[in-house]
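Raw contents of coords31.cif, mmCIF, C-alpha atoms:
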data_data
loop_
_atom_site.label_atom_id
_atom_site.label_comp_id
_atom_site.auth_asym_id
_atom_site.auth_seq_id
_atom_site.Cartn_x
_atom_site.Cartn_y
_atom_site.Cartn_z
CA MET G 237 154.01 148.50 133.68
CA ILE G 238 153.40 152.01 132.34
CA ALA G 239 153.11 152.70 128.61
CA HIS G 240 156.56 154.29 128.20
CA GLU G 241 158.26 151.27 129.79
CA ARG G 242 156.28 148.86 127.60
CA HIS G 243 157.22 150.78 124.46
CA ARG G 244 160.89 150.80 125.39
CA LEU G 245 160.85 147.06 126.09
CA LEU G 246 159.07 146.29 122.82
CA LEU G 247 161.51 148.40 120.80
CA ARG G 248 164.53 146.92 122.55
CA ARG G 249 163.32 143.43 121.74
CA LEU G 250 162.79 144.41 118.11
CA GLU G 251 166.32 145.82 117.95
CA GLU G 252 167.77 142.63 119.40
CA THR G 253 165.73 140.04 117.51
CA GLY G 254 164.23 141.81 114.49
CA SER G 255 160.66 140.71 115.26
CA ILE G 256 158.24 140.14 118.12
CA GLU G 257 155.25 137.81 118.42
CA PHE G 258 151.96 139.20 119.67
CA ARG G 259 151.01 135.95 121.40
CA GLY G 260 151.86 135.98 125.08
CA LEU G 261 153.04 139.59 125.23
CA GLY G 262 150.04 140.71 127.29
CA ASP G 263 150.67 138.08 129.94
CA GLU G 264 154.38 138.81 129.96
CA LEU G 265 153.88 142.54 130.47
CA GLY G 266 150.88 142.23 132.76
CA VAL G 267 148.37 144.02 130.53
CA ALA G 268 145.45 143.07 128.33
CA ALA G 269 146.04 141.91 124.77
CA MET G 270 144.12 144.96 123.52
CA THR G 271 146.65 147.22 125.30
CA ILE G 272 149.52 145.54 123.47
CA TRP G 273 147.63 145.91 120.20
CA ARG G 274 147.24 149.66 120.86
CA ASP G 275 150.94 149.93 121.78
CA LEU G 276 151.99 148.32 118.51
CA ARG G 277 149.60 150.49 116.51
CA LEU G 278 151.01 153.66 118.14
CA LEU G 279 154.60 152.62 117.53
CA GLU G 280 153.76 151.81 113.92
CA ARG G 281 152.26 155.29 113.46
CA GLN G 282 155.52 156.73 114.80
CA GLY G 283 157.44 154.75 112.20
CA LEU G 284 159.26 152.60 114.75
CA LEU G 285 157.93 149.19 113.66
CA ARG G 286 155.67 147.53 111.13
CA ARG G 287 152.82 145.30 112.23
CA VAL G 288 152.51 141.94 110.51
CA ARG G 289 150.29 138.93 111.04
CA GLY G 290 150.98 137.64 114.56
CA GLY G 291 153.27 140.44 115.71
CA ALA G 292 155.61 143.13 114.42
CA ILE G 293 158.93 143.51 112.61
CA ARG G 294 161.58 146.24 112.45
CA ALA G 295 160.53 149.48 110.81
CA ASP G 296 161.59 150.39 107.30
CA ARG G 297 165.22 151.44 107.36
CA ALA G 298 164.30 154.82 105.94
CA GLN G 299 163.25 155.81 109.47
CA GLU G 300 166.85 155.40 110.61
CA PRO G 301 169.24 155.89 107.68
CA GLU G 302 172.29 153.71 107.42
CA PHE G 303 175.71 155.17 108.21
CA ARG G 304 176.71 155.05 104.52
CA GLN G 305 173.55 156.90 103.48
CA LYS G 306 174.18 159.73 105.93
CA GLU G 307 177.92 160.27 105.62
CA GLY G 308 177.80 162.12 102.30
CA ARG G 309 175.19 164.69 103.38
CA ALA G 310 176.58 168.16 104.25
CA LEU G 311 180.05 166.66 104.17
CA ALA G 312 181.97 169.95 103.94
CA GLU G 313 180.12 171.32 106.97
CA LYS G 314 180.65 168.12 108.93
CA ARG G 315 184.38 168.21 108.25
CA ARG G 316 184.72 171.83 109.36
CA ILE G 317 182.74 171.14 112.52
CA ALA G 318 184.75 168.03 113.31
CA ALA G 319 188.10 169.73 112.73
CA ALA G 320 187.14 172.56 115.08
CA ALA G 321 185.88 170.13 117.72
CA ALA G 322 189.14 168.17 117.68
CA ARG G 323 191.21 171.34 117.89
CA LEU G 324 189.20 172.77 120.78
CA PHE G 325 188.39 169.72 122.88
CA ALA G 326 190.87 166.88 122.31
CA ARG G 327 194.32 166.80 123.94
CA PRO G 328 197.01 164.12 124.24
CA GLY G 329 196.33 162.09 127.37
CA ASP G 330 192.55 162.53 127.14
CA VAL G 331 189.99 159.75 127.34
CA ILE G 332 187.25 160.54 124.84
CA LEU G 333 183.94 158.89 123.96
CA LEU G 334 182.73 158.77 120.36
CA GLU G 335 179.24 157.67 119.40
CA GLY G 336 178.43 156.50 115.90
CA GLY G 337 177.31 159.67 114.13
CA THR G 338 178.80 160.52 110.76
CA THR G 339 179.90 163.98 111.92
CA VAL G 340 181.63 162.38 114.89
CA ALA G 341 183.42 160.00 112.52
CA GLU G 342 184.97 163.01 110.77
CA LEU G 343 186.83 163.82 114.02
CA LEU G 344 189.21 160.92 113.65
CA PRO G 345 191.77 162.37 111.20
CA HIS G 346 192.05 165.53 113.33
CA LEU G 347 192.63 163.92 116.71
CA PRO G 348 196.06 163.91 118.39
CA HIS G 349 198.29 161.20 116.96
CA ARG G 350 199.50 159.90 120.33
CA GLY G 351 198.45 159.60 123.94
CA LEU G 352 194.70 159.30 123.36
CA THR G 353 192.22 156.74 124.67
CA VAL G 354 189.16 156.32 122.45
CA MET G 355 186.00 154.53 123.61
CA THR G 356 183.09 153.89 121.28
CA ASN G 357 180.05 151.73 120.64
CA SER G 358 180.36 152.11 116.87
CA LEU G 359 181.77 149.54 114.47
CA PRO G 360 182.37 152.17 111.71
CA ILE G 361 184.23 154.39 114.20
CA LEU G 362 186.23 151.40 115.45
CA SER G 363 187.20 150.38 111.91
CA ARG G 364 188.27 153.89 110.91
CA ALA G 365 190.25 154.41 114.11
CA GLN G 366 192.09 151.13 113.62
CA ALA G 367 192.82 151.92 109.96
CA LEU G 368 194.49 155.21 110.85
CA GLY G 369 197.20 153.25 112.66
CA ARG G 370 197.82 155.82 115.35
CA GLY G 371 199.09 155.14 118.84
CA TRP G 372 195.71 155.25 120.50
CA GLN G 373 194.25 152.89 123.04
CA ILE G 374 190.91 151.90 121.51
CA HIS G 375 188.06 150.32 123.46
CA CYS G 376 184.71 149.22 122.03
CA SER G 377 181.61 148.17 123.90
CA GLY G 378 179.93 144.85 123.36
CA GLY G 379 176.23 144.46 122.82
CA VAL G 380 173.89 143.74 119.95
CA LEU G 381 175.11 145.14 116.63
CA SER G 382 172.46 147.21 114.86
CA PRO G 383 172.42 146.27 111.16
CA VAL G 384 171.20 149.80 110.37
CA SER G 385 173.60 152.09 112.24
CA GLY G 386 176.51 149.73 112.84
CA ASN G 387 176.39 150.63 116.54
CA PHE G 388 176.38 148.22 119.47
CA VAL G 389 173.24 148.66 121.57
CA GLY G 390 171.38 146.97 124.40
CA PRO G 391 172.12 146.38 128.10
CA GLU G 392 175.67 145.15 127.53
CA ALA G 393 176.59 148.33 125.65
CA VAL G 394 175.04 150.48 128.37
CA ARG G 395 176.90 148.60 131.12
CA PHE G 396 180.22 149.04 129.32
CA PHE G 397 180.10 152.80 129.88
CA GLN G 398 178.92 152.63 133.48
CA GLY G 399 181.78 153.45 135.82
CA LYS G 400 183.93 154.85 132.99
CA TYR G 401 185.38 158.35 133.23
CA ALA G 402 186.18 160.46 130.18
CA ALA G 403 187.10 164.04 129.48
CA THR G 404 184.71 164.55 126.57
CA PHE G 405 181.81 162.81 124.88
CA PHE G 406 181.48 163.83 121.23
CA MET G 407 177.98 163.21 119.92
CA SER G 408 175.50 164.12 117.23
CA ALA G 409 171.74 163.60 116.77
CA THR G 410 169.03 163.47 114.13
CA GLY G 411 167.48 166.84 114.90
CA LEU G 412 167.42 169.85 117.20
CA ASP G 413 164.45 172.16 117.62
CA PRO G 414 165.94 175.51 118.74
CA GLN G 415 162.59 176.78 120.04
CA SER G 416 161.79 173.90 122.41
CA GLY G 417 165.34 172.68 122.90
CA ALA G 418 164.37 169.14 121.87
CA LEU G 419 167.43 167.12 120.79
CA THR G 420 166.00 163.95 119.24
CA ASP G 421 166.81 160.60 117.63
CA PRO G 422 164.60 157.84 116.19
CA ASN G 423 165.82 154.79 118.09
CA PRO G 424 165.31 154.37 121.86
CA VAL G 425 167.94 151.66 122.27
CA GLU G 426 170.55 153.85 120.56
CA ILE G 427 169.51 156.70 122.85
CA GLU G 428 170.05 154.62 125.99
CA VAL G 429 173.69 154.08 125.05
CA LYS G 430 174.21 157.77 124.27
CA ARG G 431 172.84 158.69 127.68
CA ALA G 432 175.22 156.24 129.36
CA MET G 433 178.13 157.78 127.45
CA ALA G 434 177.07 161.29 128.45
CA ARG G 435 176.97 160.27 132.12
CA ALA G 436 180.53 158.96 131.84
CA ALA G 437 181.97 162.23 130.49
CA GLN G 438 183.03 165.43 132.18
CA ARG G 439 181.98 167.42 129.12
CA VAL G 440 179.44 166.77 126.32
CA VAL G 441 180.14 168.34 122.93
CA LEU G 442 177.39 168.25 120.31
CA LEU G 443 178.40 168.30 116.63
CA LEU G 444 175.45 169.28 114.47
CA ASP G 445 175.32 170.87 111.04
CA SER G 446 172.68 173.56 110.60
CA GLY G 447 170.62 171.36 108.27
CA LYS G 448 169.47 169.43 111.32
CA LEU G 449 168.12 172.52 113.08
CA GLY G 450 164.34 172.52 113.17
CA LEU G 451 164.13 168.76 112.64
CA ARG G 452 162.46 166.53 115.22
CA SER G 453 162.57 162.78 115.55
CA VAL G 454 160.80 160.44 117.95
CA GLN G 455 162.46 160.73 121.35
CA GLN G 456 164.62 163.16 123.29
CA VAL G 457 168.26 162.17 123.60
CA LEU G 458 169.42 164.59 126.29
CA PRO G 459 168.11 167.88 127.65
CA LEU G 460 170.13 170.74 126.20
CA ARG G 461 171.18 171.81 129.70
CA ASP G 462 173.35 168.65 129.72
CA ILE G 463 175.20 169.79 126.57
CA ASP G 464 178.23 171.95 127.29
CA THR G 465 178.98 173.13 123.76
CA LEU G 466 177.25 172.96 120.38
CA LEU G 467 179.43 173.27 117.29
CA THR G 468 177.59 174.09 114.08
CA ASP G 469 178.16 175.89 110.78
CA ARG G 470 177.68 179.46 109.64
CA ALA G 471 174.21 178.88 108.20
CA ILE G 472 172.63 178.95 111.65
CA SER G 473 170.48 182.05 112.08
CA PRO G 474 171.24 184.56 114.87
CA ALA G 475 167.77 183.89 116.29
CA ASP G 476 168.34 180.13 116.47
CA ARG G 477 171.74 180.69 118.04
CA ARG G 478 170.16 182.79 120.79
CA ARG G 479 167.34 180.29 121.34
CA ILE G 480 169.75 177.39 121.74
CA ALA G 481 172.05 179.34 124.06
CA ARG G 482 169.09 180.11 126.32
CA HIS G 483 168.71 176.36 126.91
CA GLY G 484 172.28 176.13 128.23
CA PRO G 485 174.94 175.16 125.67
CA LYS G 486 177.63 177.49 124.42
CA VAL G 487 177.23 177.82 120.65
CA ARG G 488 180.36 177.92 118.48
CA ILE G 489 180.28 178.64 114.76
CA CYS G 490 182.74 176.73 112.56
#
Let me see whether you can do it: turn the structure in this file into structure tokens.
Amino acid sequence: MIAHERHRLLLRRLEETGSIEFRGLGDELGVAAMTIWRDLRLLERQGLLRRVRGGAIRADRAQEPEFRQKEGRALAEKRRIAAAAARLFARPGDVILLEGGTTVAELLPHLPHRGLTVMTNSLPILSRAQALGRGWQIHCSGGVLSPVSGNFVGPEAVRFFQGKYAATFFMSATGLDPQSGALTDPNPVEIEVKRAMARAAQRVVLLLDSGKLGLRSVQQVLPLRDIDTLLTDRAISPADRRRIARHGPKVRIC
């Protein structure tokens, strides 16, 4: 098993169980114990776990802020971006996919009141959608509930979106480097679900306030060529707008 696959398996197990034991991991993955030790040390340096006696536990939550911690940041910009996204890309009769970002959550009040099918892997999104009391059909994936993000993750969540067909996937991310085009997030198991949602949609719309431009996290979510449209705020520089557009997405200023 190559290093990338080992790292993904180790992080998935941490997400599902909260801890992993060092004993027996080498035999299970077909590598030497020293290789597993180096894997855990590398992942700890990246802030994805914390080594303890006999194994590893989940990383400090500061690496992946909770939904409640993030929702107040750049709130005015998020609301403008979300309102524009709903106006431009959501129509009665659509099937839409919403991941668990706080900017995506701001879409909900602006969506059509009737004739919409909403699919999500996010408990906060699900709760807000239900509380609005609109005539939507609402579907939520199963899976393992992340205590940090409130999103369902893991193989069951990925399988839920396989074979689905939606008009638009509305998503956000932790950071976007305009120069390299790297759209990144900290958690590989969250990323796997986002990728499954993107594959199920005819169009991918990225909602990202300009404060996230220039930030980089641990792992790429999607290549920018797979993003149809980026919606951001007026603080984006003309140079960054051109750089991002060169990677593929249309850039709209809200």
Residue nearest G:Ala269 among G:Gly371, G:Pro485, G:Gly291, G:Ala312 (counting all atoms listed in the file): G:Gly291
Could you pull the residues within 10 Å of G:Tyr401, counting only C-alpha atoms, minus those fewer than 5 positions along the same chain, as an mmCIF file with C-alpha atoms, in the coordinates of the input?
data_model
loop_
_atom_site.group_PDB
_atom_site.id
_atom_site.type_symbol
_atom_site.label_atom_id
_atom_site.label_comp_id
_atom_site.auth_asym_id
_atom_site.auth_seq_id
_atom_site.Cartn_x
_atom_site.Cartn_y
_atom_site.Cartn_z
ATOM 1 C CA VAL G 331 189.990 159.750 127.340
ATOM 2 C CA ILE G 332 187.250 160.540 124.840
ATOM 3 C CA LEU G 333 183.940 158.890 123.960
ATOM 4 C CA MET G 433 178.130 157.780 127.450
ATOM 5 C CA ARG G 435 176.970 160.270 132.120
ATOM 6 C CA ALA G 436 180.530 158.960 131.840
ATOM 7 C CA ALA G 437 181.970 162.230 130.490
ATOM 8 C CA GLN G 438 183.030 165.430 132.180
#
Explicit residue set for the PyMOL selection byres ((chain G and resi 379) around 12), as a PyMOL selection string: chain G and resi 248+251-252+356-359+376-378+380-382+386-397+425-426+429
Residues matched by the PyMOL selection byres ((chain G and resi 414-419) around 12) as a count of residues only: 47
All residues 9 Å or closer to G:Trp372, all atoms listed in the file, same chain fewer than 3 positions away omitted, as a ChimeraX atom specification: /G:348-354,365-366,369
Selected residue of minimal separation from G:Thr468 among G:Pro383, G:Leu362, G:Thr339, G:Pro328, counting only C-alpha atoms: G:Thr339
Pick from G:Leu347, G:Ala341, G:Glu264, G:Arg431, whichever lies nearest to G:Gly329 using only C-alpha atoms: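 Result for the nearest residue to G:Gly329: G:Leu347.
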Pairwise distance for atom CA of G:Glu313 and atom CA of G:Ala403, rounded to one decimal in Å: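 These atoms are spaced 24.7 Å apart.
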Neighbour residues at most 6 Å from (178.4, 161.7, 118.4) (all atoms listed in the file) as a list in words: Leu334, Glu335, Gly336, Gly337, Val340, Phe406, Met407 and Ser408 of chain G
Residue with smallest distance to G:Thr465 - pool G:Val267, G:Pro345, G:Val440, G:Ile272, counting all atoms listed in the file: G:Val440
Given the PyMOL selection byres ((chain G and resi 288) around 12), the residues it picks as a list in words: Ser255, Ile256, Glu257, Phe258, Trp273, Leu276, Arg277, Glu280, Leu285, Arg286, Arg287, Arg289, Gly290, Gly291, Ala292, Ile293, Arg294 and Ala295 of chain G
Distance of atom CA of G:Pro360 from atom CA of G:Arg249, expressed in Å to one decimal place: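 Separating atom CA of G:Arg249 from atom CA of G:Pro360 is a distance of 23.2 Å.
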Please write out, as lines of an AutoDock Vina configuration file, where the centre of an axis-aligned box around all listed atoms of stretch 362-375 of chain G lies and how long its edges are, in Å to one decimal, after adding 6 Å on each side.
center_x = 192.7
center_y = 153.1
center_z = 116.7
size_x = 24.9
size_y = 17.5
size_z = 25.5
Which residue of G:Ile361, G:Val384, G:Leu247, G:Cys490 approaches G:Thr338 most closely, using all atoms listed in the file: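 When distances to G:Thr338 are compared using all atoms listed in the file, the smallest one comes from G:Ile361.
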Selected residue, from G:Arg364, G:His346, G:Arg470, G:Lys400, that lies nearest to G:Gly447 when counting only C-alpha atoms: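 Answer, going by the shortest atom-to-atom distance: G:Arg470.
Atom CA of G:Asp330 lies 10.6 Å from atom CA of G:Gln373.
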Some atoms are missing, so please complete stretch 407-426 of chain G with N, CA and C atoms and return it as a PDB file, in the frame of the given file.
ATOM      1  N   MET G 407     179.217 163.843 120.372  1.00  0.00           N
ATOM      2  CA  MET G 407     177.980 163.210 119.920  1.00  0.00           C
ATOM      3  C   MET G 407     177.308 164.048 118.845  1.00  0.00           C
ATOM      4  N   SER G 408     176.368 163.424 118.151  1.00  0.00           N
ATOM      5  CA  SER G 408     175.500 164.120 117.230  1.00  0.00           C
ATOM      6  C   SER G 408     174.078 163.614 117.465  1.00  0.00           C
ATOM      7  N   ALA G 409     173.144 164.023 116.627  1.00  0.00           N
ATOM      8  CA  ALA G 409     171.740 163.600 116.770  1.00  0.00           C
ATOM      9  C   ALA G 409     171.039 163.832 115.444  1.00  0.00           C
ATOM     10  N   THR G 410     169.806 163.342 115.360  1.00  0.00           N
ATOM     11  CA  THR G 410     169.030 163.470 114.130  1.00  0.00           C
ATOM     12  C   THR G 410     168.493 164.875 113.934  1.00  0.00           C
ATOM     13  N   GLY G 411     168.067 165.513 115.033  1.00  0.00           N
ATOM     14  CA  GLY G 411     167.480 166.840 114.900  1.00  0.00           C
ATOM     15  C   GLY G 411     167.523 167.615 116.192  1.00  0.00           C
ATOM     16  N   LEU G 412     167.469 168.942 116.053  1.00  0.00           N
ATOM     17  CA  LEU G 412     167.420 169.850 117.200  1.00  0.00           C
ATOM     18  C   LEU G 412     166.429 170.957 116.891  1.00  0.00           C
ATOM     19  N   ASP G 413     165.431 171.085 117.743  1.00  0.00           N
ATOM     20  CA  ASP G 413     164.450 172.160 117.620  1.00  0.00           C
ATOM     21  C   ASP G 413     164.918 173.321 118.503  1.00  0.00           C
ATOM     22  N   PRO G 414     165.416 174.418 117.922  1.00  0.00           N
ATOM     23  CA  PRO G 414     165.940 175.510 118.740  1.00  0.00           C
ATOM     24  C   PRO G 414     164.893 176.129 119.674  1.00  0.00           C
ATOM     25  N   GLN G 415     163.633 176.144 119.241  1.00  0.00           N
ATOM     26  CA  GLN G 415     162.590 176.780 120.040  1.00  0.00           C
ATOM     27  C   GLN G 415     162.338 176.004 121.334  1.00  0.00           C
ATOM     28  N   SER G 416     162.107 174.714 121.230  1.00  0.00           N
ATOM     29  CA  SER G 416     161.790 173.900 122.410  1.00  0.00           C
ATOM     30  C   SER G 416     163.028 173.337 123.088  1.00  0.00           C
ATOM     31  N   GLY G 417     164.144 173.297 122.353  1.00  0.00           N
ATOM     32  CA  GLY G 417     165.340 172.680 122.900  1.00  0.00           C
ATOM     33  C   GLY G 417     165.340 171.169 122.814  1.00  0.00           C
ATOM     34  N   ALA G 418     164.465 170.598 121.989  1.00  0.00           N
ATOM     35  CA  ALA G 418     164.370 169.140 121.870  1.00  0.00           C
ATOM     36  C   ALA G 418     165.480 168.616 120.962  1.00  0.00           C
ATOM     37  N   LEU G 419     166.376 167.813 121.530  1.00  0.00           N
ATOM     38  CA  LEU G 419     167.430 167.120 120.790  1.00  0.00           C
ATOM     39  C   LEU G 419     166.972 165.677 120.648  1.00  0.00           C
ATOM     40  N   THR G 420     166.728 165.210 119.425  1.00  0.00           N
ATOM     41  CA  THR G 420     166.000 163.950 119.240  1.00  0.00           C
ATOM     42  C   THR G 420     166.688 162.998 118.283  1.00  0.00           C
ATOM     43  N   ASP G 421     166.357 161.709 118.467  1.00  0.00           N
ATOM     44  CA  ASP G 421     166.810 160.600 117.630  1.00  0.00           C
ATOM     45  C   ASP G 421     165.642 159.652 117.433  1.00  0.00           C
ATOM     46  N   PRO G 422     165.726 158.739 116.446  1.00  0.00           N
ATOM     47  CA  PRO G 422     164.600 157.840 116.190  1.00  0.00           C
ATOM     48  C   PRO G 422     164.578 156.559 117.007  1.00  0.00           C
ATOM     49  N   ASN G 423     165.737 156.143 117.555  1.00  0.00           N
ATOM     50  CA  ASN G 423     165.820 154.790 118.090  1.00  0.00           C
ATOM     51  C   ASN G 423     166.086 154.778 119.590  1.00  0.00           C
ATOM     52  N   PRO G 424     165.131 154.339 120.407  1.00  0.00           N
ATOM     53  CA  PRO G 424     165.310 154.370 121.860  1.00  0.00           C
ATOM     54  C   PRO G 424     166.495 153.573 122.374  1.00  0.00           C
ATOM     55  N   VAL G 425     166.818 152.451 121.750  1.00  0.00           N
ATOM     56  CA  VAL G 425     167.940 151.660 122.270  1.00  0.00           C
ATOM     57  C   VAL G 425     169.281 152.319 121.940  1.00  0.00           C
ATOM     58  N   GLU G 426     169.361 153.052 120.836  1.00  0.00           N
ATOM     59  CA  GLU G 426     170.550 153.850 120.560  1.00  0.00           C
ATOM     60  C   GLU G 426     170.665 154.984 121.583  1.00  0.00           C
TER      61      GLU G 426
END
